[in-house]
Amino acid sequence: MIFRGRYEYTIDPKGRVNIPSRFREQLTEAGQESIVITNYSGCIYAYPSAEWERIEEKLASKVSSVNRKKNAFVRFFAGGAVEVTPDKQGRILIPPSLRSYAELGRDVVILGMPNRFEIWDRERWDVEVGRFEKEGFEDPELAREIDSLGI
């Protein structure tokens, strides 16, 4: 499942946010009623439940009881995961712990990605994009990484 686009929404006082109708349609067509949300990279990653199950299988097969750094990442990433189901209005409830981690204020940006979508605080997103626009295209290492994407 590929999510596309950038959408701006507000979070209500209870911590609920609308999922873009296009994303909800895709989830419904794929038979995915729930979404798994977790903390990562200063925002919230949102995966269709089937994609999350694949991620959990990968994590389970690669986790090592002796690699402390890898275990710390898995604790952070998988431990922060919460399964949510959109209500009849297409909203999901983002728990306080995830709202706090991503510093979500009232205004958020929802971005489509190849296998997930991300929920960003609007101001944080503006800073992230501004930093990339200012520094990203001038970084030779990043330019090579982007070129390797074949776009």
# chains A, B, ... in the order shown; residues from 1 in each chain; ligands from 1
$ residues_around --residues "region 76-85 of chain A" --least-positions-apart "4" --cutoff "7 Å" --atoms "only C-alpha atoms" --output "list in words"
Glu33, Ser34, Ile35, Val36, Ile37, Thr38, Asn39, Tyr40, Ala72, Ile92 and Leu93 of chain A
$ write_last_selection --atoms "N, CA and C atoms" --output "PDB file, in the first residue's frame"
ATOM      1  N   GLU A  33      -8.712  -2.533   8.869  1.00  0.00           N
ATOM      2  CA  GLU A  33      -9.520  -1.645   9.691  1.00  0.00           C
ATOM      3  C   GLU A  33      -8.686  -0.867  10.699  1.00  0.00           C
ATOM      4  N   SER A  34      -7.579  -1.449  11.134  1.00  0.00           N
ATOM      5  CA  SER A  34      -6.786  -0.786  12.163  1.00  0.00           C
ATOM      6  C   SER A  34      -5.438  -0.322  11.621  1.00  0.00           C
ATOM      7  N   ILE A  35      -4.851   0.581  12.377  1.00  0.00           N
ATOM      8  CA  ILE A  35      -3.562   1.186  12.065  1.00  0.00           C
ATOM      9  C   ILE A  35      -2.707   1.042  13.318  1.00  0.00           C
ATOM     10  N   VAL A  36      -1.434   0.826  13.146  1.00  0.00           N
ATOM     11  CA  VAL A  36      -0.520   0.812  14.290  1.00  0.00           C
ATOM     12  C   VAL A  36       0.311   2.078  14.197  1.00  0.00           C
ATOM     13  N   ILE A  37       0.287   2.857  15.279  1.00  0.00           N
ATOM     14  CA  ILE A  37       1.068   4.092  15.332  1.00  0.00           C
ATOM     15  C   ILE A  37       2.169   3.933  16.366  1.00  0.00           C
ATOM     16  N   THR A  38       3.319   4.551  16.059  1.00  0.00           N
ATOM     17  CA  THR A  38       4.445   4.482  16.984  1.00  0.00           C
ATOM     18  C   THR A  38       5.320   5.716  16.829  1.00  0.00           C
ATOM     19  N   ASN A  39       6.232   5.876  17.768  1.00  0.00           N
ATOM     20  CA  ASN A  39       7.161   7.014  17.771  1.00  0.00           C
ATOM     21  C   ASN A  39       8.411   6.695  16.974  1.00  0.00           C
ATOM     22  N   TYR A  40       8.854   7.683  16.211  1.00  0.00           N
ATOM     23  CA  TYR A  40      10.120   7.536  15.498  1.00  0.00           C
ATOM     24  C   TYR A  40      10.464   8.840  14.796  1.00  0.00           C
ATOM     25  N   ALA A  72      17.610  -1.565  22.496  1.00  0.00           N
ATOM     26  CA  ALA A  72      17.088  -0.262  22.914  1.00  0.00           C
ATOM     27  C   ALA A  72      16.193   0.328  21.820  1.00  0.00           C
ATOM     28  N   ILE A  92      -8.576   9.048  14.443  1.00  0.00           N
ATOM     29  CA  ILE A  92      -7.909   8.127  15.361  1.00  0.00           C
ATOM     30  C   ILE A  92      -7.506   8.912  16.604  1.00  0.00           C
ATOM     31  N   LEU A  93      -7.466   8.204  17.718  1.00  0.00           N
ATOM     32  CA  LEU A  93      -7.032   8.800  18.971  1.00  0.00           C
ATOM     33  C   LEU A  93      -5.538   8.555  19.125  1.00  0.00           C
TER      34      LEU A  93
END
$ select_by_dssp --residues "region 6-147 of chain A" --states "helix (DSSP H, G or I)" --output "ChimeraX atom specification"
/A:21-29,49-62,68-79,96-101,122-138,140-147
$ atom_distance --atom1 "CA of Val74 (chain A)" --atom2 "CA of Pro95 (chain A)"
19.4 Å
$ residues_around --residues "region 96-110 of chain A" --least-positions-apart "6" --cutoff "7 Å" --atoms "only C-alpha atoms" --output "JSON, numbers by chain"
{"A": [6, 7, 8, 9, 10, 11, 39, 42, 43, 44, 117, 118, 119, 120, 121, 122]}
$ closest_residue --among "A:Val63, A:Leu111, A:Ile2, A:Phe132" --to "Ala30 (chain A)" --atoms "only C-alpha atoms"
A:Ile2
$ select_by_dssp --residues "chain A" --states "strand (DSSP E or B)" --output "PyMOL selection string"
chain A and resi 6-10+16-18+35-40+43-48+82-84+91-93+107-112+117-121
$ write_last_selection --atoms "C-alpha atoms" --output "mmCIF file, in the first residue's frame"
data_model
loop_
_atom_site.group_PDB
_atom_site.id
_atom_site.type_symbol
_atom_site.label_atom_id
_atom_site.label_comp_id
_atom_site.auth_asym_id
_atom_site.auth_seq_id
_atom_site.Cartn_x
_atom_site.Cartn_y
_atom_site.Cartn_z
ATOM 1 C CA ARG A 6 0.422 16.043 2.247
ATOM 2 C CA TYR A 7 -2.597 16.990 4.328
ATOM 3 C CA GLU A 8 -3.109 19.500 7.120
ATOM 4 C CA TYR A 9 -5.452 18.827 10.024
ATOM 5 C CA THR A 10 -6.061 19.858 13.599
ATOM 6 C CA ARG A 16 -8.160 12.787 17.884
ATOM 7 C CA VAL A 17 -7.097 13.578 14.336
ATOM 8 C CA ASN A 18 -8.714 12.824 11.003
ATOM 9 C CA ILE A 35 -3.562 1.186 12.065
ATOM 10 C CA VAL A 36 -0.520 0.812 14.290
ATOM 11 C CA ILE A 37 1.068 4.092 15.332
ATOM 12 C CA THR A 38 4.445 4.482 16.984
ATOM 13 C CA ASN A 39 7.161 7.014 17.771
ATOM 14 C CA TYR A 40 10.120 7.536 15.498
ATOM 15 C CA CYS A 43 7.013 12.251 14.491
ATOM 16 C CA ILE A 44 4.473 9.442 14.538
ATOM 17 C CA TYR A 45 4.727 6.614 12.028
ATOM 18 C CA ALA A 46 1.377 5.031 11.095
ATOM 19 C CA TYR A 47 1.306 1.586 9.487
ATOM 20 C CA PRO A 48 -1.573 -0.507 8.186
ATOM 21 C CA VAL A 82 -0.429 1.348 19.740
ATOM 22 C CA GLU A 83 -3.136 -0.164 17.545
ATOM 23 C CA VAL A 84 -5.924 2.292 16.722
ATOM 24 C CA ARG A 91 -10.493 9.997 13.340
ATOM 25 C CA ILE A 92 -7.909 8.127 15.361
ATOM 26 C CA LEU A 93 -7.032 8.800 18.971
ATOM 27 C CA ASP A 107 -1.978 21.791 13.877
ATOM 28 C CA VAL A 108 -0.498 18.707 12.245
ATOM 29 C CA VAL A 109 0.706 17.591 8.839
ATOM 30 C CA ILE A 110 -0.002 14.082 7.604
ATOM 31 C CA LEU A 111 2.412 12.871 4.933
ATOM 32 C CA GLY A 112 2.077 9.867 2.677
ATOM 33 C CA PHE A 117 2.102 7.718 6.651
ATOM 34 C CA GLU A 118 3.591 10.133 9.145
ATOM 35 C CA ILE A 119 1.974 12.590 11.520
ATOM 36 C CA TRP A 120 4.051 15.690 12.256
ATOM 37 C CA ASP A 121 3.502 18.769 14.358
#
